[in-house]
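The next block is work.tsv, given as TSV, C-alpha atoms and all ligand atoms.
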chain	number	residue	atom	x	y	z
A	1	MET	CA	85.73	81.52	-7.89
A	2	GLY	CA	84.07	78.16	-7.34
A	3	PHE	CA	80.34	77.82	-6.66
A	4	ASP	CA	80.94	76.54	-3.12
A	5	THR	CA	83.22	79.48	-2.30
A	6	GLN	CA	80.76	82.01	-3.72
A	7	ALA	CA	77.89	80.38	-1.83
A	8	ILE	CA	79.70	81.00	1.44
A	9	HIS	CA	81.32	84.38	0.87
A	10	ALA	CA	79.32	86.42	-1.67
A	11	GLY	CA	77.43	89.30	-0.07
A	12	GLU	CA	78.96	88.63	3.34
A	13	GLU	CA	82.46	90.04	3.04
A	14	PRO	CA	83.04	91.43	6.58
A	15	ASP	CA	83.81	94.96	5.44
A	16	PHE	CA	81.02	95.03	2.84
A	17	THR	CA	78.23	95.46	5.38
A	18	GLY	CA	80.00	98.42	6.96
A	19	HIS	CA	79.25	96.94	10.37
A	20	PRO	CA	81.81	98.16	12.90
A	21	SER	CA	82.26	94.75	14.55
A	22	GLY	CA	83.32	93.10	11.28
A	23	ASP	CA	80.74	90.30	11.53
A	24	VAL	CA	81.64	87.31	9.37
A	25	VAL	CA	77.91	86.59	9.09
A	26	VAL	CA	75.69	89.42	7.94
A	27	PRO	CA	73.55	90.57	10.92
A	28	VAL	CA	69.76	90.54	10.89
A	29	HIS	CA	68.94	94.20	10.33
A	30	LEU	CA	65.43	94.50	11.73
A	31	ALA	CA	65.13	98.29	11.40
A	32	SER	CA	62.21	99.32	9.21
A	33	THR	CA	63.82	102.67	8.48
A	34	PHE	CA	67.30	104.20	8.48
A	35	ALA	CA	68.40	107.56	9.88
A	36	ARG	CA	70.37	109.91	7.66
A	37	ARG	CA	72.54	112.91	8.43
A	38	ASP	CA	71.41	115.01	5.45
A	39	VAL	CA	68.11	114.98	3.59
A	40	ASP	CA	69.74	113.91	0.35
A	41	GLU	CA	72.19	111.34	1.73
A	42	PRO	CA	70.66	107.99	2.69
A	43	THR	CA	73.07	106.15	5.01
A	44	GLY	CA	74.83	103.45	3.00
A	45	GLY	CA	72.13	103.84	0.35
A	46	PHE	CA	69.41	102.53	2.70
A	47	GLU	CA	66.22	104.55	3.25
A	48	TYR	CA	63.35	102.26	4.23
A	49	SER	CA	63.39	98.47	4.53
A	50	ARG	CA	60.86	97.76	1.78
A	51	SER	CA	63.08	99.60	-0.70
A	52	GLY	CA	66.30	98.07	0.58
A	53	ASN	CA	67.52	96.29	3.70
A	54	PRO	CA	71.16	95.38	4.43
A	55	THR	CA	70.41	91.73	5.29
A	56	ARG	CA	68.22	91.29	2.20
A	57	PHE	CA	70.81	93.12	0.13
A	58	ALA	CA	73.52	90.66	1.25
A	59	LEU	CA	71.26	87.76	0.30
A	60	GLU	CA	70.45	89.35	-3.07
A	61	LYS	CA	74.17	89.59	-3.83
A	62	LYS	CA	74.62	85.95	-2.88
A	63	LEU	CA	71.66	84.87	-5.05
A	64	ALA	CA	73.14	86.64	-8.06
A	65	ALA	CA	76.57	85.10	-7.40
A	66	ILE	CA	75.33	81.51	-7.24
A	67	GLU	CA	73.43	81.91	-10.54
A	68	ASN	CA	76.56	83.48	-12.02
A	69	ALA	CA	74.49	86.58	-12.77
A	70	ARG	CA	74.73	90.28	-11.96
A	71	TYR	CA	71.52	91.04	-10.04
A	72	GLY	CA	69.28	89.27	-7.55
A	73	LEU	CA	66.05	90.23	-5.80
A	74	ALA	CA	64.49	88.42	-2.85
A	75	PHE	CA	60.72	88.09	-2.39
A	76	SER	CA	58.32	86.85	0.26
A	77	SER	CA	57.54	83.68	-1.75
A	78	GLY	CA	58.25	82.09	-5.11
A	79	LEU	CA	54.78	83.15	-6.24
A	80	ALA	CA	55.40	86.72	-5.07
A	81	ALA	CA	58.50	86.74	-7.28
A	82	GLU	CA	56.47	85.36	-10.21
A	83	THR	CA	53.67	87.88	-9.65
A	84	THR	CA	56.14	90.76	-9.58
A	85	LEU	CA	57.77	89.49	-12.76
A	86	CYS	CA	54.41	89.35	-14.57
A	87	LEU	CA	53.42	92.81	-13.28
A	88	SER	CA	56.74	94.17	-14.52
A	89	LEU	CA	56.69	92.72	-18.00
A	90	LEU	CA	53.11	92.09	-19.10
A	91	LYS	CA	50.02	94.13	-19.93
A	92	ALA	CA	46.55	93.34	-21.25
A	93	GLY	CA	46.65	91.74	-24.70
A	94	ASP	CA	50.15	90.28	-24.25
A	95	HIS	CA	50.77	86.60	-24.76
A	96	VAL	CA	52.94	84.07	-22.92
A	97	VAL	CA	54.04	80.64	-24.09
A	98	ALA	CA	54.54	78.31	-21.13
A	99	PHE	CA	55.67	74.71	-20.62
A	100	ASP	CA	52.50	72.69	-20.01
A	101	ASP	CA	53.96	70.76	-17.05
A	102	LEU	CA	54.38	73.66	-14.61
A	103	TYR	CA	54.02	73.86	-10.85
A	104	GLY	CA	50.24	73.96	-10.24
A	105	GLY	CA	50.38	77.25	-8.34
A	106	THR	CA	52.15	78.95	-11.25
A	107	ARG	CA	49.44	77.78	-13.61
A	108	ARG	CA	46.75	78.95	-11.20
A	109	LEU	CA	48.38	82.39	-11.00
A	110	PHE	CA	48.51	82.63	-14.78
A	111	THR	CA	44.96	81.42	-15.39
A	112	ARG	CA	42.94	82.72	-12.46
A	113	VAL	CA	44.68	86.06	-12.06
A	114	PHE	CA	46.60	87.22	-15.10
A	115	GLN	CA	44.31	85.67	-17.72
A	116	GLU	CA	40.91	86.06	-16.08
A	117	SER	CA	41.43	89.45	-14.44
A	118	TYR	CA	44.14	91.12	-16.50
A	119	GLY	CA	43.48	89.90	-20.07
A	120	ILE	CA	46.90	88.31	-20.61
A	121	HIS	CA	46.84	85.19	-22.79
A	122	PHE	CA	48.72	81.96	-22.12
A	123	SER	CA	49.45	79.01	-24.41
A	124	TYR	CA	50.67	75.82	-22.76
A	125	VAL	CA	52.86	73.61	-24.91
A	126	ASP	CA	54.95	70.51	-24.51
A	127	ALA	CA	58.30	72.30	-24.55
A	128	ARG	CA	60.23	69.04	-24.67
A	129	ASP	CA	60.05	69.70	-28.39
A	130	PRO	CA	61.28	73.27	-29.10
A	131	GLU	CA	59.24	73.26	-32.32
A	132	ASN	CA	56.07	73.36	-30.19
A	133	VAL	CA	57.31	76.59	-28.59
A	134	LYS	CA	58.13	78.05	-31.99
A	135	ALA	CA	54.69	77.17	-33.35
A	136	ALA	CA	52.90	78.82	-30.39
A	137	ILE	CA	54.74	82.15	-30.58
A	138	ARG	CA	52.63	85.06	-31.86
A	139	ARG	CA	53.27	88.72	-32.57
A	140	GLU	CA	52.00	89.54	-29.04
A	141	THR	CA	54.26	86.97	-27.31
A	142	LYS	CA	56.33	88.75	-24.69
A	143	LEU	CA	57.53	85.85	-22.57
A	144	VAL	CA	58.42	82.19	-22.87
A	145	TRP	CA	58.08	80.62	-19.41
A	146	LEU	CA	59.96	77.41	-18.74
A	147	GLU	CA	60.57	75.01	-15.91
A	148	SER	CA	63.27	72.41	-16.34
A	149	PRO	CA	63.07	69.86	-14.85
A	150	THR	CA	59.31	70.25	-14.46
A	151	ASN	CA	57.13	69.72	-11.45
A	152	PRO	CA	55.96	66.92	-11.08
A	153	LEU	CA	56.93	64.90	-14.16
A	154	LEU	CA	60.63	65.79	-14.32
A	155	ARG	CA	60.48	66.72	-17.98
A	156	LEU	CA	63.22	68.83	-19.50
A	157	CYS	CA	63.39	71.40	-22.23
A	158	ASP	CA	66.41	72.57	-24.18
A	159	ILE	CA	66.87	76.01	-22.63
A	160	ARG	CA	69.54	77.18	-25.07
A	161	GLU	CA	67.56	76.20	-28.15
A	162	ILE	CA	64.30	77.69	-26.87
A	163	ALA	CA	66.08	80.91	-25.84
A	164	GLY	CA	67.29	81.25	-29.43
A	165	ILE	CA	63.75	80.77	-30.76
A	166	ALA	CA	62.25	83.24	-28.25
A	167	HIS	CA	64.88	85.90	-28.81
A	168	ASP	CA	64.46	85.69	-32.61
A	169	ALA	CA	60.80	86.50	-31.99
A	170	GLY	CA	61.60	89.36	-29.58
A	171	ALA	CA	60.34	87.52	-26.48
A	172	LEU	CA	62.14	87.14	-23.15
A	173	VAL	CA	62.84	83.78	-21.55
A	174	VAL	CA	62.06	83.01	-17.92
A	175	VAL	CA	63.30	79.78	-16.34
A	176	ASP	CA	62.02	78.51	-13.03
A	177	ASN	CA	65.19	76.82	-11.75
A	178	THR	CA	63.73	75.63	-8.45
A	179	PHE	CA	64.05	71.88	-9.12
A	180	ALA	CA	67.63	71.88	-10.39
A	181	SER	CA	68.98	74.59	-8.07
A	182	PRO	CA	71.81	76.83	-9.30
A	183	TYR	CA	74.28	74.18	-8.20
A	184	PHE	CA	73.21	71.88	-11.03
A	185	GLN	CA	71.90	74.30	-13.67
A	186	GLN	CA	72.56	77.94	-14.56
A	187	PRO	CA	69.93	79.06	-17.07
A	188	ILE	CA	71.37	82.55	-17.63
A	189	ALA	CA	74.50	81.00	-19.12
A	190	LEU	CA	72.15	79.00	-21.38
A	191	GLY	CA	70.45	82.17	-22.68
A	192	ALA	CA	67.61	82.80	-20.19
A	193	ASP	CA	66.83	86.43	-19.35
A	194	VAL	CA	65.40	85.89	-15.86
A	195	VAL	CA	65.70	83.00	-13.42
A	196	VAL	CA	62.90	82.38	-10.91
A	197	HIS	CA	63.32	80.47	-7.67
A	198	SER	CA	61.12	79.37	-4.90
A	199	THR	CA	63.90	79.77	-2.31
A	200	THR	CA	61.56	77.85	-0.02
A	201	LYS	CA	63.04	74.73	-1.62
A	202	TYR	CA	66.70	73.76	-2.17
A	203	ILE	CA	68.13	77.24	-1.79
A	204	ASN	CA	67.02	77.60	1.82
A	205	GLY	CA	66.98	73.84	2.19
A	206	HIS	CA	65.65	73.45	5.72
A	207	SER	CA	61.86	73.77	5.28
A	208	ASP	CA	61.70	76.75	7.61
A	209	SER	CA	61.24	79.76	5.34
A	210	ILE	CA	58.94	80.73	2.45
A	211	GLY	CA	60.71	82.90	-0.10
A	212	GLY	CA	61.36	83.58	-3.75
A	213	ALA	CA	63.93	85.16	-6.04
A	214	LEU	CA	64.36	86.79	-9.43
A	215	ILE	CA	67.83	86.85	-10.91
A	216	THR	CA	69.06	88.50	-14.10
A	217	SER	CA	72.17	89.97	-15.70
A	218	ASP	CA	70.27	92.60	-17.70
A	219	GLU	CA	70.53	95.99	-15.98
A	220	GLU	CA	67.43	97.53	-17.53
A	221	LEU	CA	65.37	94.48	-16.69
A	222	PHE	CA	66.74	94.51	-13.15
A	223	ARG	CA	65.78	98.18	-12.66
A	224	ASN	CA	62.27	97.44	-13.86
A	225	LEU	CA	61.94	94.40	-11.58
A	226	ARG	CA	63.34	96.29	-8.60
A	227	PHE	CA	60.94	99.16	-9.21
A	228	HIS	CA	58.03	96.71	-9.11
A	229	GLN	CA	59.47	94.85	-6.10
A	230	ASN	CA	59.49	98.10	-4.15
A	231	THR	CA	56.22	99.38	-5.57
A	232	ALA	CA	54.19	96.18	-5.07
A	233	GLY	CA	56.06	95.40	-1.84
A	234	ALA	CA	56.37	91.61	-1.68
A	235	ILE	CA	59.86	91.66	-0.16
A	236	LEU	CA	61.58	88.99	1.93
A	237	SER	CA	61.84	89.84	5.64
A	238	PRO	CA	65.26	90.43	7.23
A	239	PHE	CA	65.05	87.27	9.33
A	240	ASP	CA	64.08	85.11	6.35
A	241	SER	CA	66.87	86.75	4.35
A	242	PHE	CA	69.30	85.65	7.06
A	243	LEU	CA	67.92	82.09	7.01
A	244	VAL	CA	68.13	81.80	3.23
A	245	ALA	CA	71.69	83.19	3.16
A	246	ARG	CA	72.61	80.65	5.82
A	247	GLY	CA	71.00	77.85	3.83
A	248	ILE	CA	72.92	78.77	0.68
A	249	LYS	CA	76.24	78.20	2.44
A	250	THR	CA	75.62	74.45	2.43
A	251	LEU	CA	73.83	74.26	-0.94
A	252	ALA	CA	76.75	72.59	-2.73
A	253	VAL	CA	77.21	69.80	-0.17
A	254	ARG	CA	73.46	69.29	0.23
A	255	MET	CA	72.88	69.01	-3.52
A	256	GLU	CA	75.63	66.41	-3.91
A	257	ARG	CA	73.98	64.28	-1.25
A	258	HIS	CA	70.43	64.86	-2.55
A	259	GLU	CA	71.58	63.61	-5.93
A	260	ARG	CA	73.42	60.57	-4.59
A	261	ASN	CA	70.37	59.53	-2.55
A	262	ALA	CA	67.96	60.20	-5.43
A	263	LEU	CA	70.01	58.02	-7.78
A	264	ALA	CA	69.90	55.20	-5.22
A	265	VAL	CA	66.14	55.59	-4.64
A	266	ALA	CA	65.41	55.83	-8.40
A	267	GLY	CA	67.41	52.67	-9.02
A	268	PHE	CA	65.54	50.84	-6.27
A	269	LEU	CA	62.10	51.97	-7.49
A	270	SER	CA	62.90	51.07	-11.12
A	271	ALA	CA	63.43	47.46	-10.11
A	272	HIS	CA	60.32	47.15	-7.91
A	273	ARG	CA	57.40	45.02	-9.08
A	274	ASN	CA	54.77	47.47	-7.76
A	275	VAL	CA	56.24	50.43	-9.64
A	276	THR	CA	55.31	50.90	-13.29
A	277	ALA	CA	57.41	53.97	-14.19
A	278	VAL	CA	60.13	56.13	-12.63
A	279	TYR	CA	60.82	59.69	-13.76
A	280	TYR	CA	64.31	60.83	-12.85
A	281	PRO	CA	66.59	62.64	-15.32
A	282	GLY	CA	69.62	60.90	-13.80
A	283	LEU	CA	68.46	57.48	-14.99
A	284	PRO	CA	69.87	56.52	-18.40
A	285	SER	CA	66.33	55.28	-19.19
A	286	HIS	CA	64.91	58.82	-18.84
A	287	PRO	CA	64.02	59.90	-22.40
A	288	GLN	CA	65.89	63.19	-21.93
A	289	HIS	CA	68.91	61.87	-20.06
A	290	THR	CA	71.22	63.12	-22.83
A	291	LEU	CA	69.78	66.64	-22.61
A	292	ALA	CA	70.10	66.50	-18.81
A	293	ARG	CA	73.80	65.67	-19.16
A	294	LYS	CA	74.21	68.50	-21.66
A	295	GLN	CA	72.59	71.38	-19.79
A	296	MET	CA	72.84	70.30	-16.16
A	297	THR	CA	75.88	69.35	-14.11
A	298	GLY	CA	73.84	66.95	-11.97
A	299	PHE	CA	70.31	65.62	-11.62
A	300	SER	CA	69.11	66.96	-8.28
A	301	GLY	CA	67.00	65.18	-5.70
A	302	MET	CA	63.49	65.22	-7.17
A	303	LEU	CA	61.83	62.23	-8.78
A	304	SER	CA	58.37	60.90	-9.38
A	305	PHE	CA	57.00	57.46	-10.07
A	306	GLU	CA	53.80	55.60	-10.86
A	307	LEU	CA	52.51	52.85	-8.67
A	308	LYS	CA	50.71	49.79	-9.88
A	309	GLY	CA	47.05	50.67	-9.26
A	310	GLY	CA	45.36	54.05	-8.76
A	311	LYS	CA	44.39	56.51	-6.07
A	312	ALA	CA	43.43	53.89	-3.47
A	313	GLU	CA	46.82	52.18	-3.77
A	314	ALA	CA	48.60	55.55	-3.70
A	315	LYS	CA	46.78	56.49	-0.48
A	316	ARG	CA	47.59	53.16	1.15
A	317	PHE	CA	51.26	53.37	0.18
A	318	LEU	CA	51.59	56.94	1.50
A	319	ARG	CA	49.84	56.12	4.76
A	320	ASN	CA	52.26	53.27	5.42
A	321	LEU	CA	55.48	55.29	5.15
A	322	HIS	CA	57.28	56.15	8.39
A	323	LEU	CA	60.31	58.22	7.38
A	324	PHE	CA	58.95	60.20	4.44
A	325	ALA	CA	56.67	62.99	5.61
A	326	LEU	CA	53.50	63.22	3.54
A	327	ALA	CA	53.74	66.92	2.75
A	328	GLU	CA	53.79	69.47	-0.02
A	329	SER	CA	57.03	71.34	-0.77
A	330	LEU	CA	60.45	69.93	-1.54
A	331	GLY	CA	64.16	70.56	-1.37
A	332	GLY	CA	64.61	70.34	2.41
A	333	VAL	CA	67.10	68.09	4.16
A	334	GLU	CA	64.28	65.76	5.18
A	335	SER	CA	62.58	63.48	2.63
A	336	LEU	CA	59.07	64.50	1.64
A	337	ILE	CA	56.53	62.65	-0.46
A	338	GLU	CA	53.20	63.66	-1.94
A	339	HIS	CA	50.35	62.83	-4.30
A	340	PRO	CA	50.32	65.59	-6.96
A	341	ALA	CA	46.76	64.91	-8.17
A	342	THR	CA	45.28	65.68	-4.75
A	343	MET	CA	47.96	67.93	-3.28
A	344	THR	CA	50.36	70.22	-5.20
A	345	HIS	CA	48.47	70.00	-8.50
A	346	ALA	CA	44.90	69.87	-7.21
A	347	SER	CA	44.38	73.42	-8.54
A	348	VAL	CA	45.00	72.19	-12.10
A	349	PRO	CA	41.66	71.01	-13.57
A	350	GLN	CA	41.45	67.22	-13.84
A	351	GLU	CA	41.29	67.18	-17.63
A	352	GLU	CA	44.39	69.36	-17.95
A	353	ARG	CA	46.17	67.15	-15.43
A	354	ARG	CA	45.30	64.09	-17.51
A	355	ASN	CA	46.41	65.77	-20.75
A	356	VAL	CA	49.79	66.54	-19.24
A	357	GLY	CA	50.15	63.06	-17.74
A	358	VAL	CA	49.63	63.63	-14.01
A	359	SER	CA	47.79	60.40	-13.15
A	360	ASP	CA	46.20	59.30	-9.88
A	361	ALA	CA	48.99	56.74	-9.51
A	362	LEU	CA	51.72	59.39	-9.64
A	363	ILE	CA	53.81	59.95	-6.50
A	364	ARG	CA	56.36	62.77	-6.19
A	365	VAL	CA	59.39	62.39	-3.95
A	366	SER	CA	61.79	64.99	-2.63
A	367	VAL	CA	64.69	62.78	-1.62
A	368	GLY	CA	66.36	64.20	1.47
A	369	ILE	CA	69.89	63.79	2.76
A	370	GLU	CA	69.23	61.05	5.30
A	371	ASN	CA	70.90	57.64	5.04
A	372	ALA	CA	69.85	56.20	1.65
A	373	ASP	CA	69.49	52.66	3.05
A	374	ASP	CA	66.94	53.91	5.59
A	375	LEU	CA	64.96	55.68	2.86
A	376	ILE	CA	64.92	52.61	0.64
A	377	ALA	CA	63.90	50.34	3.53
A	378	ASP	CA	60.93	52.61	4.28
A	379	LEU	CA	59.81	52.70	0.64
A	380	ASP	CA	60.27	48.94	0.40
A	381	GLN	CA	58.07	48.15	3.38
A	382	ALA	CA	55.32	50.53	2.21
A	383	LEU	CA	55.40	49.17	-1.36
A	384	GLY	CA	55.14	45.71	0.12
A	385	THR	CA	51.70	46.56	1.56
A	386	LEU	CA	50.18	47.04	-1.94
A	401	LIG	N1	58.05	77.08	-8.62
A	401	LIG	C1	58.11	75.78	-8.32
A	401	LIG	C2	58.79	74.85	-9.27
A	401	LIG	C3	57.55	75.30	-7.14
A	401	LIG	O1	57.60	73.99	-6.85
A	401	LIG	C4	56.89	76.21	-6.27
A	401	LIG	C5	56.26	75.75	-5.02
A	401	LIG	O2	56.10	74.59	-4.78
A	401	LIG	C6	56.84	77.57	-6.62
A	401	LIG	C7	57.45	77.97	-7.80
A	401	LIG	C8	56.15	78.57	-5.74
A	401	LIG	O3	56.96	78.89	-4.68
A	401	LIG	P1	56.40	79.36	-3.21
A	401	LIG	O4	55.65	78.19	-2.65
A	401	LIG	O5	57.65	79.70	-2.49
A	401	LIG	O6	55.52	80.52	-3.46
Could you take the file, read its structure, and then write that structure out as structure tokens?
Ligand code: PLP
Amino acid sequence: MGFDTQAIHAGEEPDFTGHPSGDVVVPVHLASTFARRDVDEPTGGFEYSRSGNPTRFALEKKLAAIENARYGLAFSSGLAAETTLCLSLLKAGDHVVAFDDLYGGTRRLFTRVFQESYGIHFSYVDARDPENVKAAIRRETKLVWLESPTNPLLRLCDIREIAGIAHDAGALVVVDNTFASPYFQQPIALGADVVVHSTTKYINGHSDSIGGALITSDEELFRNLRFHQNTAGAILSPFDSFLVARGIKTLAVRMERHERNALAVAGFLSAHRNVTAVYYPGLPSHPQHTLARKQMTGFSGMLSFELKGGKAEAKRFLRNLHLFALAESLGGVESLIEHPATMTHASVPQEERRNVGVSDALIRVSVGIENADDLIADLDQALGTL
């Protein structure tokens, strides 16, 4: 079945929910607990809403379907999903190799919590070259943690090749697929063991829910993750589960439009005199455009660029925009823009930011699905004030 069909129907087959009215949309099951007739027979398998909730369950089926995987789990945020994954798979003394250009909050979680308080070690490498991953792997390496494309520099890594390297060394591969969305990239088919999402972004798509997901096709891994989801408790609420499931139904059409607008905006920025660099995997000038074409089916709606000047110019430009909201987050229908050095990546120490290449002139854009001409006109007038 096609992605767009799965996105609409998976998990929401009218008879699947067992609801007597045959709802075509899974209802919001707010009950915190479920009555049973006999002590050893939970009704429909549901006992207590932390352990399992029908609305969340429908969403979890849909999440698995759109990643072309067997199992999905929904969490109260992307970071809750990441935390649960680390709690499930890592213990003191273990080692993780991670792409150096990660979402700042992921790096903060690794460094400030799992490294400083739990004695887990992390090596950050430029995973654009798989040899760097290979060289960093040790006997204690349990996980290789990738984002592709990365936040905020839109760098890519060869998921299939790195999965081969990690598996040869007995390590599992995690891919944060938030930027691409499952519509444009399916890491499990490329060899990843677990996919992470901040569903807050493209998957929900309307900037009105914080959520996260873990998706896998490995049954043993799934059981372990589900045990920790229930035990640590960072589940997605029934209402948010409903919102995210609703968002997924339009993921395919939204992603097509995000990409079309992003290509137009990237083309415009590339030709502007006050822009010194544009990072968008869909541009043939992107150094990893060939890899993008190989492992993705599209380029998504995220891009970043460098302005002529520094922080002062960046601030002036951002202040002068009318249509783009100056806000963290991404992947919603509305265009958002931000300054990674002072916003999303402020938690990454300045020196590490510099080493990775996050400069004070860097601007990150989440291109929405408005009219592309309106977006370009707004950028044009604000760039003209520099
Ligand atoms: N992964 C990526 C790539 C992100 O951009 C974010 C948030 O911006 C997260 C994970 C964390 O997700 P959440 O904010 O839903 O906890």
All residues having an atom within 7 Å of ligand LIG 401 (chain A) (all atoms listed in the file) as a PyMOL selection string: chain A and resi 77-80+103+105-106+147+150-151+176+178-179+197-200+210-212+329
Pick from A:Ala69, A:Arg364, A:Ala264, A:Asp240, whichever lies nearest to Ala192 (chain A) using all atoms listed in the file: A:Ala69
Pick from A:Glu116, A:Lys61, A:Glu370, A:Lys294, whichever lies nearest to Arg260 (chain A) using all atoms listed in the file: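 So, comparing all the options, the nearest one is A:Glu370.
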Surrounding residues of region 375-385 of chain A excluding itself and chain neighbours under 5 positions, 8 Å, only C-alpha atoms, as a ChimeraX atom specification: /A:265,268,274,316-318,320-324,370
Local residues around (62.3, 84.5, 6.2), at most 6 Å away, using all atoms listed in the file, as a ChimeraX atom specification: /A:209,237,239-241
Computed interatomic separation between CA of Ser304 (chain A) and CA of Leu63 (chain A) (Å):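 We find that CA of Ser304 (chain A) and CA of Leu63 (chain A) lie 27.7 Å from each other.
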Non-local contacts of Pro182 (chain A) (8 Å; all atoms listed in the file; under 3 positions in same chain excluded) as an NGL selection string: :A and (66-67 or 177 or 185-186)
Nearest candidate to Leu85 (chain A) (options A:Val278, A:Ala7, A:His272, A:Ala234; using only C-alpha atoms): A:Ala234
Nearest to Val97 (chain A) by atom-to-atom distance, counting all atoms listed in the file, from A:Val125, A:Leu236, A:Ala252, A:Ile120: A:Val125
CA of Phe46 (chain A) to CA of Thr33 (chain A), straight-line distance in Å: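 CA of Phe46 (chain A) lies at a distance of 8.0 Å from CA of Thr33 (chain A).
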Region 86-91 of chain A surroundings by all atoms listed in the file, 10 Å radius, close-in-sequence under 3 positions cut, as a list in words: Ala80, Ala81, Glu82, Thr83, Asp94, His95, Val96, Leu109, Phe110, Phe114, Tyr118, Gly119, Ile120, His121, Thr141, Lys142, Leu143, Leu172, Leu221, Asn224, Leu225, Arg226, Phe227, His228, Gln229 and Ala232 of chain A
Those same residues, written as a compact mmCIF listing (two decimals), in the coordinates of the input with C-alpha atoms?
# COMPACT_ATOMS: atom_id res chain seq x y z
CA ALA A 80 55.40 86.72 -5.07
CA ALA A 81 58.50 86.74 -7.28
CA GLU A 82 56.47 85.36 -10.21
CA THR A 83 53.67 87.88 -9.65
CA ASP A 94 50.15 90.28 -24.25
CA HIS A 95 50.77 86.60 -24.76
CA VAL A 96 52.94 84.07 -22.92
CA LEU A 109 48.38 82.39 -11.00
CA PHE A 110 48.51 82.63 -14.78
CA PHE A 114 46.60 87.22 -15.10
CA TYR A 118 44.14 91.12 -16.50
CA GLY A 119 43.48 89.90 -20.07
CA ILE A 120 46.90 88.31 -20.61
CA HIS A 121 46.84 85.19 -22.79
CA THR A 141 54.26 86.97 -27.31
CA LYS A 142 56.33 88.75 -24.69
CA LEU A 143 57.53 85.85 -22.57
CA LEU A 172 62.14 87.14 -23.15
CA LEU A 221 65.37 94.48 -16.69
CA ASN A 224 62.27 97.44 -13.86
CA LEU A 225 61.94 94.40 -11.58
CA ARG A 226 63.34 96.29 -8.60
CA PHE A 227 60.94 99.16 -9.21
CA HIS A 228 58.03 96.71 -9.11
CA GLN A 229 59.47 94.85 -6.10
CA ALA A 232 54.19 96.18 -5.07
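Distance check against Lys311 (chain A) using all atoms listed in the file: of A:Ala163, A:His289, A:Ala341, A:Val333, the minimum falls on A:Ala341.
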Gap from CA of Asp100 (chain A) to CA of Pro149 (chain A) - Å, one decimal: 12.1 Å
Among listed residues A:Glu47, A:Glu161, A:Glu60, A:Asp23, nearest Gly11 (chain A) (using only C-alpha atoms):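 Among the listed residues, A:Glu60 lies closest to Gly11 (chain A).
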Gln6 (chain A) surroundings by all atoms listed in the file, 9 Å radius, close-in-sequence under 4 positions cut, as a PyMOL selection string: chain A and resi 1-2+10-11+62+65-66+249
